[in-house]
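Note: the block below is run.txt and it holds compact mmCIF, C-alpha atoms.
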# COMPACT_ATOMS: atom_id res chain seq x y z
CA MET A 1 113.40 115.03 133.60
CA PRO A 2 111.76 117.79 131.54
CA SER A 3 109.71 120.37 133.34
CA THR A 4 106.01 120.92 132.59
CA ARG A 5 106.94 124.09 130.76
CA ASP A 6 109.30 122.23 128.44
CA ILE A 7 106.61 119.73 127.59
CA ARG A 8 104.05 122.44 127.02
CA ARG A 9 106.42 124.14 124.64
CA ARG A 10 107.01 120.96 122.72
CA ILE A 11 103.31 120.26 122.41
CA LYS A 12 102.81 123.69 120.97
CA SER A 13 105.56 123.31 118.39
CA VAL A 14 104.34 119.88 117.31
CA LYS A 15 100.84 121.26 116.99
CA ASN A 16 102.07 124.04 114.73
CA THR A 17 103.90 121.56 112.55
CA SER A 18 100.83 119.37 112.29
CA GLN A 19 98.76 122.35 111.19
CA ILE A 20 101.18 123.04 108.38
CA THR A 21 101.34 119.43 107.23
CA LYS A 22 97.57 119.22 107.42
CA ALA A 23 97.25 122.28 105.20
CA MET A 24 99.76 120.87 102.73
CA GLN A 25 97.85 117.61 102.71
CA MET A 26 94.64 119.42 101.79
CA VAL A 27 96.31 121.40 99.03
CA ALA A 28 98.02 118.30 97.64
CA ALA A 29 94.74 116.38 97.76
CA SER A 30 92.89 118.92 95.64
CA LYS A 31 95.78 119.24 93.19
CA MET A 32 96.06 115.49 93.10
CA ARG A 33 92.50 115.07 91.96
CA LYS A 34 93.04 117.47 89.08
CA ALA A 35 96.37 115.95 88.09
CA GLN A 36 95.01 112.41 88.25
CA ASP A 37 92.01 113.34 86.13
CA ALA A 38 94.29 114.94 83.56
CA ALA A 39 96.59 111.92 83.47
CA LEU A 40 93.70 109.47 83.13
CA ALA A 41 91.86 111.57 80.54
CA GLY A 42 94.95 111.59 78.34
CA ARG A 43 95.25 107.84 78.28
CA PRO A 44 92.69 106.99 75.56
CA TYR A 45 94.46 109.37 73.20
CA ALA A 46 97.85 107.95 74.11
CA GLU A 47 96.54 104.41 73.63
CA GLN A 48 95.08 105.26 70.25
CA MET A 49 98.30 106.95 69.25
CA ASN A 50 100.31 103.92 70.31
CA ALA A 51 98.03 101.56 68.42
CA VAL A 52 98.25 103.64 65.26
CA MET A 53 102.01 103.99 65.51
CA ALA A 54 102.34 100.25 66.02
CA GLU A 55 100.36 99.50 62.88
CA VAL A 56 102.03 102.20 60.86
CA THR A 57 105.59 101.25 61.76
CA ALA A 58 104.77 97.62 61.03
CA ASN A 59 103.25 98.43 57.65
CA VAL A 60 105.32 101.27 56.36
CA GLY A 61 107.58 98.99 54.35
CA ASP A 62 111.16 100.00 53.72
CA PHE A 63 110.58 103.68 54.29
CA THR A 64 112.61 105.08 57.16
CA HIS A 65 112.54 108.39 58.91
CA PRO A 66 115.62 110.06 60.46
CA LEU A 67 113.97 109.72 63.86
CA MET A 68 113.74 105.97 63.40
CA GLU A 69 117.40 105.42 62.56
CA GLN A 70 119.07 102.82 64.76
CA ARG A 71 122.65 103.79 65.56
CA GLU A 72 125.23 101.68 67.32
CA ASN A 73 127.81 103.68 69.25
CA LYS A 74 128.27 106.44 66.75
CA ALA A 75 128.32 109.22 69.31
CA GLY A 76 129.14 106.92 72.19
CA LYS A 77 126.63 108.72 74.35
CA ARG A 78 123.02 108.36 75.23
CA GLY A 79 120.50 110.96 76.28
CA LEU A 80 118.37 110.71 79.35
CA VAL A 81 115.37 112.90 80.04
CA VAL A 82 114.73 113.00 83.78
CA VAL A 83 111.33 114.23 84.91
CA SER A 84 111.16 115.02 88.61
CA SER A 85 109.17 117.34 90.83
CA ASP A 86 110.19 120.90 91.69
CA LYS A 87 109.68 120.64 95.40
CA GLY A 88 110.42 118.07 98.03
CA LEU A 89 108.23 116.95 100.91
CA CYS A 90 106.77 114.16 98.88
CA GLY A 91 108.17 111.08 100.54
CA ALA A 92 110.61 108.88 98.67
CA LEU A 93 109.38 109.93 95.23
CA ASN A 94 112.45 111.79 94.04
CA THR A 95 114.89 109.57 95.92
CA ASN A 96 113.55 106.53 94.11
CA LEU A 97 113.68 108.34 90.79
CA LEU A 98 117.21 109.64 91.22
CA ARG A 99 118.45 106.25 92.30
CA GLU A 100 117.56 105.12 88.78
CA VAL A 101 119.57 108.00 87.32
CA ALA A 102 122.58 106.82 89.30
CA LYS A 103 122.43 103.50 87.46
CA TYR A 104 123.33 105.22 84.20
CA ASP A 105 127.00 105.55 83.36
CA ALA A 106 127.87 109.14 84.26
CA ALA A 107 130.53 109.48 81.55
CA ALA A 108 128.34 108.30 78.69
CA THR A 109 125.07 109.99 79.51
CA VAL A 110 123.80 113.42 78.57
CA HIS A 111 121.00 114.59 80.82
CA ILE A 112 117.99 116.70 80.00
CA THR A 113 116.05 117.57 83.11
CA ALA A 114 112.53 118.73 83.79
CA GLY A 115 111.84 119.77 87.35
CA ARG A 116 114.19 121.35 89.83
CA LYS A 117 115.03 118.25 91.87
CA ALA A 118 116.45 116.52 88.84
CA SER A 119 118.61 119.45 87.77
CA GLN A 120 119.92 119.85 91.30
CA TYR A 121 120.88 116.21 91.40
CA VAL A 122 122.59 116.28 88.02
CA ALA A 123 124.53 119.42 88.99
CA ARG A 124 125.51 118.01 92.38
CA SER A 125 126.74 114.71 90.99
CA LYS A 126 128.68 116.54 88.25
CA ARG A 127 126.95 114.77 85.42
CA GLU A 128 126.63 116.26 81.96
CA LEU A 129 123.61 118.50 81.70
CA ALA A 130 122.45 119.41 78.20
CA ALA A 131 119.42 121.47 79.15
CA GLU A 132 117.01 122.00 81.95
CA PHE A 133 113.32 122.65 81.53
CA THR A 134 110.52 123.58 83.86
CA TYR A 135 106.91 122.60 83.73
CA LYS A 136 103.93 124.03 85.51
CA ASP A 137 101.51 122.45 87.89
CA ALA A 138 99.12 121.90 85.03
CA PRO A 139 101.58 120.83 82.32
CA GLU A 140 101.01 122.45 78.96
CA PHE A 141 101.51 120.87 75.60
CA SER A 142 103.92 123.63 74.59
CA GLU A 143 106.18 122.78 77.52
CA ALA A 144 106.22 119.15 76.46
CA ARG A 145 106.95 120.16 72.89
CA GLN A 146 110.01 122.15 73.91
CA ILE A 147 111.48 119.21 75.78
CA SER A 148 110.67 116.79 73.00
CA LYS A 149 112.05 119.15 70.34
CA PHE A 150 115.32 119.51 72.21
CA ALA A 151 115.70 115.76 72.58
CA GLN A 152 114.92 115.23 68.90
CA ASP A 153 117.48 117.85 67.86
CA LEU A 154 120.10 116.26 70.07
CA PHE A 155 119.39 112.93 68.42
CA LEU A 156 119.29 114.27 64.88
CA GLU A 157 122.58 116.12 65.32
CA GLU A 158 124.06 112.74 66.25
CA LYS A 159 125.20 113.93 69.64
CA VAL A 160 123.52 110.94 71.22
CA ASP A 161 122.70 107.46 69.94
CA SER A 162 119.45 107.09 71.82
CA VAL A 163 117.24 108.93 74.24
CA ASP A 164 115.43 107.44 77.22
CA ILE A 165 112.87 109.08 79.45
CA LEU A 166 112.93 108.45 83.16
CA TYR A 167 109.84 109.48 85.08
CA THR A 168 107.55 108.39 87.86
CA ASP A 169 104.62 106.47 86.50
CA PHE A 170 101.34 106.99 88.27
CA ILE A 171 99.74 103.67 89.18
CA ASN A 172 97.42 104.72 91.97
CA THR A 173 97.39 107.13 94.87
CA LEU A 174 99.54 104.86 96.99
CA THR A 175 101.87 103.51 94.33
CA GLN A 176 104.16 105.35 91.96
CA GLN A 177 106.83 103.60 90.00
CA PRO A 178 110.04 105.07 88.54
CA THR A 179 109.93 103.99 84.92
CA VAL A 180 112.31 104.15 81.97
CA LYS A 181 110.83 104.54 78.54
CA ASN A 182 112.68 104.35 75.24
CA PHE A 183 112.07 107.59 73.42
CA LEU A 184 114.41 107.71 70.46
CA PRO A 185 114.99 106.19 68.02
CA VAL A 186 111.40 105.28 67.42
CA GLY A 187 111.61 101.54 67.21
CA GLU A 188 109.01 99.05 66.29
CA ILE A 189 106.15 99.69 68.63
CA THR A 190 104.85 96.23 69.21
CA ALA A 191 102.18 96.93 71.79
CA LEU A 192 100.90 99.52 74.12
CA ASP A 193 102.93 100.20 77.19
CA ALA A 194 101.50 97.98 79.84
CA ASP A 195 101.17 100.92 82.19
CA MET A 196 99.16 102.96 79.75
CA SER A 197 96.29 100.54 79.49
CA GLY A 198 95.04 97.98 81.88
CA GLU A 199 94.44 95.55 79.09
CA SER A 200 97.56 95.44 77.01
CA GLU A 201 97.51 91.72 76.42
CA LYS A 202 94.17 91.78 74.72
CA LYS A 203 95.20 94.78 72.64
CA GLN A 204 98.37 93.09 71.52
CA GLY A 205 96.34 90.26 70.06
CA GLU A 206 94.22 92.76 68.21
CA LEU A 207 97.24 94.54 66.85
CA GLU A 208 98.72 91.39 65.42
CA ALA A 209 95.45 90.37 63.88
CA SER A 210 95.06 93.66 62.06
CA ALA A 211 98.48 93.66 60.44
CA THR A 212 97.20 94.67 57.03
CA GLU A 213 98.84 96.80 54.39
CA PHE A 214 98.02 100.46 54.86
CA LEU A 215 97.48 103.09 52.25
CA PHE A 216 98.92 106.51 53.01
CA GLU A 217 97.44 109.72 51.79
CA PRO A 218 99.06 111.91 50.52
CA SER A 219 102.21 109.79 51.04
CA ALA A 220 103.89 107.65 53.67
CA GLU A 221 106.60 110.28 54.06
CA GLY A 222 104.09 113.05 54.53
CA VAL A 223 101.93 111.28 57.04
CA LEU A 224 104.75 109.71 58.98
CA GLY A 225 106.72 112.95 58.91
CA ALA A 226 103.84 114.71 60.60
CA LEU A 227 102.81 111.84 62.82
CA LEU A 228 106.22 110.99 64.31
CA PRO A 229 107.08 114.34 65.90
CA HIS A 230 103.52 114.67 67.13
CA TYR A 231 103.67 111.20 68.63
CA LEU A 232 106.91 112.04 70.42
CA ASN A 233 105.62 115.37 71.70
CA TYR A 234 102.54 113.68 72.98
CA GLN A 235 104.55 111.03 74.75
CA VAL A 236 106.44 113.69 76.63
CA TYR A 237 103.19 115.43 77.47
CA GLN A 238 101.70 112.26 78.89
CA VAL A 239 104.89 111.69 80.87
CA LEU A 240 104.59 115.17 82.38
CA LEU A 241 100.98 114.51 83.33
CA GLU A 242 101.86 111.18 84.92
CA SER A 243 104.74 112.75 86.84
CA LYS A 244 102.52 115.49 88.19
CA ALA A 245 99.86 113.04 89.27
CA SER A 246 102.52 110.96 91.00
CA GLU A 247 104.04 113.96 92.71
CA HIS A 248 100.79 115.21 94.20
CA SER A 249 99.71 111.73 95.23
CA ALA A 250 103.05 111.08 96.92
CA ARG A 251 102.95 114.43 98.65
CA MET A 252 99.45 113.92 99.91
CA VAL A 253 100.31 110.53 101.36
CA ALA A 254 103.54 111.83 102.91
CA MET A 255 101.76 114.78 104.48
CA LYS A 256 98.97 112.58 105.75
CA ASN A 257 101.52 110.38 107.46
CA ALA A 258 103.23 113.42 108.95
CA THR A 259 99.94 114.75 110.30
CA ASP A 260 99.06 111.37 111.80
CA ASN A 261 102.47 111.09 113.43
CA ALA A 262 102.16 114.58 114.87
CA LYS A 263 98.75 113.72 116.32
CA GLU A 264 100.19 110.62 117.93
CA LEU A 265 103.07 112.61 119.34
CA ILE A 266 100.74 115.24 120.77
CA LYS A 267 98.70 112.52 122.44
CA ASP A 268 101.78 111.00 124.07
CA LEU A 269 103.14 114.36 125.16
CA THR A 270 99.81 115.43 126.63
CA LEU A 271 99.67 112.24 128.66
CA GLN A 272 103.18 112.81 129.92
CA TYR A 273 102.36 116.43 130.69
CA ASN A 274 99.26 115.53 132.72
CA LYS A 275 101.13 112.87 134.66
CA LEU A 276 103.86 115.32 135.53
CA ARG A 277 101.35 117.99 136.49
CA GLN A 278 99.53 115.64 138.82
CA ALA A 279 102.79 114.48 140.40
CA ASN A 280 103.71 118.11 141.01
CA ILE A 281 100.36 118.87 142.66
CA THR A 282 100.59 115.79 144.83
CA SER A 283 104.06 116.63 146.02
CA GLU A 284 103.04 120.25 146.67
CA LEU A 285 100.05 119.10 148.74
CA LEU A 286 102.30 116.78 150.66
CA GLU A 287 104.68 119.61 151.42
CA ILE A 288 101.89 121.88 152.62
CA THR A 289 100.32 119.31 154.91
CA THR A 290 103.70 118.32 156.32
CA ALA A 291 104.48 121.96 157.05
CA GLN A 292 101.07 122.46 158.66
CA MET A 293 101.43 119.41 160.84
CA ALA A 294 104.89 120.53 161.94
CA LEU A 295 103.54 123.96 162.91
CA GLY A 296 100.33 122.66 164.59
CA ASN A 297 102.15 120.33 166.88
CA MET B 1 74.34 96.06 56.96
CA ALA B 2 77.91 96.43 58.10
CA THR B 3 78.73 99.30 60.37
CA LEU B 4 81.80 101.31 61.16
CA LYS B 5 83.10 102.03 64.62
CA LEU B 6 83.86 105.72 64.80
CA GLU B 7 86.14 106.82 67.59
CA ILE B 8 87.20 110.40 68.13
CA VAL B 9 89.77 111.03 70.85
CA THR B 10 91.44 114.23 71.97
CA PRO B 11 94.16 114.65 74.60
CA GLU B 12 91.43 115.63 77.06
CA ALA B 13 88.84 112.96 76.51
CA ARG B 14 87.22 110.35 74.30
CA VAL B 15 84.66 112.54 72.59
CA TYR B 16 82.79 110.10 70.39
CA SER B 17 82.61 106.35 70.27
CA ASP B 18 79.76 104.67 68.44
CA GLU B 19 78.79 102.36 65.60
CA VAL B 20 77.83 104.39 62.55
CA ASP B 21 76.86 103.74 58.94
CA MET B 22 78.97 106.37 57.29
CA VAL B 23 81.49 109.07 58.16
CA THR B 24 82.46 112.20 56.27
CA LEU B 25 85.89 113.58 57.14
CA PRO B 26 87.65 116.83 56.29
CA GLY B 27 90.84 115.28 54.85
CA LYS B 28 93.95 117.35 54.14
CA GLU B 29 93.26 116.88 50.45
CA GLY B 30 89.52 117.36 50.44
CA GLU B 31 86.42 115.79 51.92
CA MET B 32 86.28 112.05 52.25
CA GLY B 33 83.25 109.85 52.71
CA ILE B 34 84.02 106.58 54.44
CA TYR B 35 81.74 103.55 54.25
CA PRO B 36 82.28 100.21 55.96
CA ASN B 37 84.90 97.90 54.41
CA HIS B 38 87.01 100.82 53.31
CA ILE B 39 90.58 99.94 52.34
CA PRO B 40 93.02 100.49 55.27
CA LEU B 41 94.11 104.10 55.05
CA MET B 42 96.17 106.46 57.11
CA THR B 43 95.82 110.18 56.54
CA GLN B 44 95.68 113.60 58.09
CA VAL B 45 92.60 115.68 58.76
CA ALA B 46 92.36 119.43 58.61
CA ALA B 47 90.20 121.55 60.88
CA GLY B 48 86.63 121.14 59.77
CA GLU B 49 83.48 119.14 60.18
CA ILE B 50 82.94 115.43 60.75
CA ILE B 51 79.53 114.05 59.85
CA ALA B 52 78.55 110.71 61.30
CA ARG B 53 75.43 109.10 59.86
CA LYS B 54 73.66 106.50 61.88
CA ALA B 55 70.28 105.01 60.98
CA GLY B 56 69.31 108.08 58.97
CA GLN B 57 70.32 110.43 61.77
CA GLU B 58 73.29 112.69 61.26
CA SER B 59 75.49 114.09 63.99
CA TYR B 60 77.99 116.82 63.43
CA LEU B 61 81.29 117.52 65.15
CA ALA B 62 83.79 120.32 64.74
CA VAL B 63 87.35 119.03 64.84
CA GLY B 64 90.86 120.46 64.74
CA ASP B 65 93.98 119.17 62.99
CA GLY B 66 94.84 115.56 63.49
CA PHE B 67 95.24 112.07 62.11
CA VAL B 68 92.81 109.38 61.01
CA GLU B 69 93.36 105.70 60.82
CA ILE B 70 90.81 103.85 58.75
CA THR B 71 90.37 100.11 58.64
CA GLY B 72 87.50 98.10 57.22
CA GLU B 73 85.49 98.24 60.41
CA LYS B 74 86.92 101.19 62.28
CA VAL B 75 87.65 104.88 61.90
CA ALA B 76 89.92 106.31 64.60
CA VAL B 77 90.35 110.07 64.66
CA MET B 78 93.02 111.67 66.81
CA THR B 79 92.72 115.40 66.98
CA ASP B 80 93.51 118.40 69.15
CA MET B 81 89.90 119.41 69.49
CA ALA B 82 86.50 117.87 68.92
CA VAL B 83 83.15 119.36 69.90
CA GLU B 84 79.69 118.14 69.06
CA ALA B 85 77.62 120.71 67.21
CA ASP B 86 75.11 120.96 70.05
CA ASN B 87 77.83 121.78 72.54
CA ILE B 88 79.43 124.58 70.57
CA ASP B 89 79.19 127.93 72.25
CA GLU B 90 78.98 130.35 69.35
CA ALA B 91 79.86 133.45 71.35
CA GLN B 92 82.87 131.74 72.84
CA ALA B 93 84.08 130.46 69.49
CA GLU B 94 83.67 133.91 67.98
CA GLU B 95 85.66 135.34 70.87
CA ALA B 96 88.42 132.76 70.31
CA ARG B 97 88.50 133.57 66.61
CA LYS B 98 88.91 137.29 67.27
CA ARG B 99 91.63 136.63 69.82
CA ALA B 100 93.54 134.39 67.43
CA GLU B 101 93.25 136.93 64.61
CA ALA B 102 94.54 139.66 66.89
CA ARG B 103 97.48 137.51 67.92
CA LEU B 104 98.32 136.81 64.28
CA ALA B 105 98.79 140.53 63.69
CA GLU B 106 101.54 140.55 66.31
CA LYS B 107 105.09 139.50 65.69
CA LEU B 108 105.38 135.79 66.35
CA ASN B 109 108.06 133.20 65.85
CA ASP B 110 107.27 130.24 63.63
CA GLU B 111 106.16 127.95 66.37
CA GLU B 112 103.82 130.46 68.00
CA ALA B 113 102.41 131.40 64.63
CA ALA B 114 101.67 127.76 63.90
CA MET B 115 99.88 127.39 67.21
CA VAL B 116 97.79 130.49 66.70
CA GLN B 117 96.95 129.36 63.17
CA ALA B 118 95.74 126.06 64.56
CA ALA B 119 93.65 127.80 67.19
CA LEU B 120 92.17 130.06 64.54
CA ALA B 121 91.32 127.12 62.30
CA GLN B 122 89.65 125.37 65.24
CA SER B 123 87.44 128.31 66.13
CA ILE B 124 86.50 128.85 62.50
CA ALA B 125 85.60 125.16 62.21
CA GLN B 126 83.37 125.47 65.26
CA LEU B 127 81.64 128.55 63.91
CA ASP B 128 81.11 126.98 60.49
CA VAL B 129 79.55 123.88 61.94
CA LYS B 130 77.32 125.85 64.23
CA ARG B 131 76.12 128.33 61.64
CA ARG B 132 75.46 125.73 58.98
CA ARG B 133 73.22 123.82 61.40
CA LYS B 134 71.17 126.90 62.16
CA ARG B 135 69.94 127.42 58.65

What do you get writing this file as structure tokens?
Amino acid sequence: MPSTRDIRRRIKSVKNTSQITKAMQMVAASKMRKAQDAALAGRPYAEQMNAVMAEVTANVGDFTHPLMEQRENKAGKRGLVVVSSDKGLCGALNTNLLREVAKYDAAATVHITAGRKASQYVARSKRELAAEFTYKDAPEFSEARQISKFAQDLFLEEKVDSVDILYTDFINTLTQQPTVKNFLPVGEITALDADMSGESEKKQGELEASATEFLFEPSAEGVLGALLPHYLNYQVYQVLLESKASEHSARMVAMKNATDNAKELIKDLTLQYNKLRQANITSELLEITTAQMALGN
Amino acid sequence: MATLKLEIVTPEARVYSDEVDMVTLPGKEGEMGIYPNHIPLMTQVAAGEIIARKAGQESYLAVGDGFVEITGEKVAVMTDMAVEADNIDEAQAEEARKRAEARLAEKLNDEEAAMVQAALAQSIAQLDVKRRRKR
């Protein structure tokens, strides 16, 4: 049976914890709004880019670009870009993500990580790490370009046959989905990624309908040569934005749950404390009256 | 009369989306005027000015580097920057231009230099558009 003092101490410590989680919830909520806005604002551009790439790759004829080269088991390895958060305390976000990493064959995968949690995991599980990158709270295009450049170089030097990106796609505040995206080689882009637009089916119809021969100015090589790297860089950028939005959303929800649980716990403990206090007073009163009666008689 | 759907998107937002009669673009190889039913074309744009004409009214936008996809009924511009002439802050653009020029004088690696060049071109495009409208 704990004493009243023990319970009081516990209430205090739970209260402190709840204050911290509450503060973290507030911070995450404000960051979340910014990150979500950024992720959503980038989508029209990403959609447009996807649509253009789809038409261009379908109409470019027999011209190929080194980044589009399909290779079967030349290097025997594949690259995987893992985008995680830097910090924990965001529920099952990173656990879910890293579970997907574990599905890749450790011996045949070269990892490129962005975010500390991913690099820690890769180091801990003794997987091959090619490079680790960091990205800020408000991801910058230059950060995305570095990652994308490294992945492209790895591919062009034939160290890997393909590159995938694994990240947490932002669906809404309550739902985030670990997602794998094919990055390299740039294959035929048939339609928009379903997650990028809410209306991919309609768009796909449009894309097929507009399969007309395109003219390139100055030349297909020139335009595609400039468009492809930019398209890839932008994909990475959008992935970073989505990851950030997911991270802050997940953290806010996790912290909200923690605060709610702490409140519940405080309520229960306070009840227990009051009960115990009353029992103590009652038994004290009993003792006093018994003593008095014994003396009086 | 047929119209063109002009869409200008940047990584931050969809800046312009409207039916227009004619578009003038700053192509990499010179100005281009696009009317409806243009042959499908894919090209790059340089930093400069986009003029959209709609029912006799012209609107002007300063844009940065990017790509354009032209089909018979649609012109889609993807660029790093796009600002409508009315929204350009001349002082701010001038400031940005000076900053970019100062950075260019420093020692930069290729990638940084390219970025600063792009920023410089963007601010110059903004200033050009703004000043031309004033006269």

Practice task
Give me, as a ChimeraX atom specification, the contact residues of chain B against chain A at a cut-off of 9 Å, counting all atoms listed in the file.
Solution key: /B:8-14,28-29,39-44,66-71,76-79

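The gap separating atom CA of Lys136 of chain A from atom CA of Val83 of chain B is 26.4 Å, in Å to one decimal.
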
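Within the 8 Å cut-off around Ser249 of chain A, using only C-alpha atoms and omitting residues fewer than 6 positions from it on the same chain, the listed residues are Ala28, Ala29, Met32, Thr173 and Leu174 of chain A.
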
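Among B:Gln92, B:Thr3, B:Asn87, B:Gln122, the residue with the shortest atom-to-atom distance to Val63 of chain B, counting all atoms listed in the file, is B:Gln122.
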
Exercise for the section: Just give me the residues with any atom within 12 Å of (126.0, 103.0, 67.7), file coordinates, counting only C-alpha atoms, written as an NGL selection string. Expected result: :A and (69-78 or 155 or 158-162 or 185)

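Using all atoms listed in the file, the nearest neighbour of Ala91 of chain B within the list B:Ala121, B:Ile50, B:Lys130, B:Asp65 is B:Lys130.
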
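Between atom CA of Glu106 of chain B and atom CA of Glu90 of chain B there is a distance of 24.9 Å.
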
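Taking atom CA of Leu241 of chain A and atom CA of Ser17 of chain B as endpoints, the distance between them is 24.0 Å.
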
Problem - Contacts of Asn261 of chain A at 12 Å (only C-alpha atoms; same-chain gap of 4+ positions) as a list in words - result: Val14, Lys15, Thr17, Ser18, Thr21, Lys22, Ala254, Met255, Lys256, Asn257, Leu265, Ile266, Lys267 and Asp268 of chain A

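Minimum atom-to-atom distance to Ala82 of chain B, evaluated using all atoms listed in the file, belongs to B:Val15 out of B:Val15, B:Val116, B:Leu25, B:Ala55.
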
How big is the axis-aligned box around all listed atoms of segment 256-261 of chain A once 5 Å goes on each side, and where's its centre, in Å to one decimal, as lines of an AutoDock Vina configuration file?
center_x = 101.1
center_y = 112.6
center_z = 109.6
size_x = 14.3
size_y = 14.4
size_z = 17.7

Please provide as a CSV table (one decimal) with C-alpha atoms, keeping the file's coordinate frame all residues within 8 Å of Leu67 of chain A, with the sequence filter that same-chain residues fewer than 6 positions apart are discarded (counting all atoms listed in the file).
chain,number,residue,atom,x,y,z
A,152,GLN,CA,114.9,115.2,68.9
A,155,PHE,CA,119.4,112.9,68.4
A,156,LEU,CA,119.3,114.3,64.9
A,184,LEU,CA,114.4,107.7,70.5
A,185,PRO,CA,115.0,106.2,68.0
A,186,VAL,CA,111.4,105.3,67.4
A,228,LEU,CA,106.2,111.0,64.3

Problem - Nearest residue to Ala54 of chain A from the set A:Leu286, A:Gln292, A:Asp164, A:Tyr231 (distances using only C-alpha atoms) - result: A:Tyr231
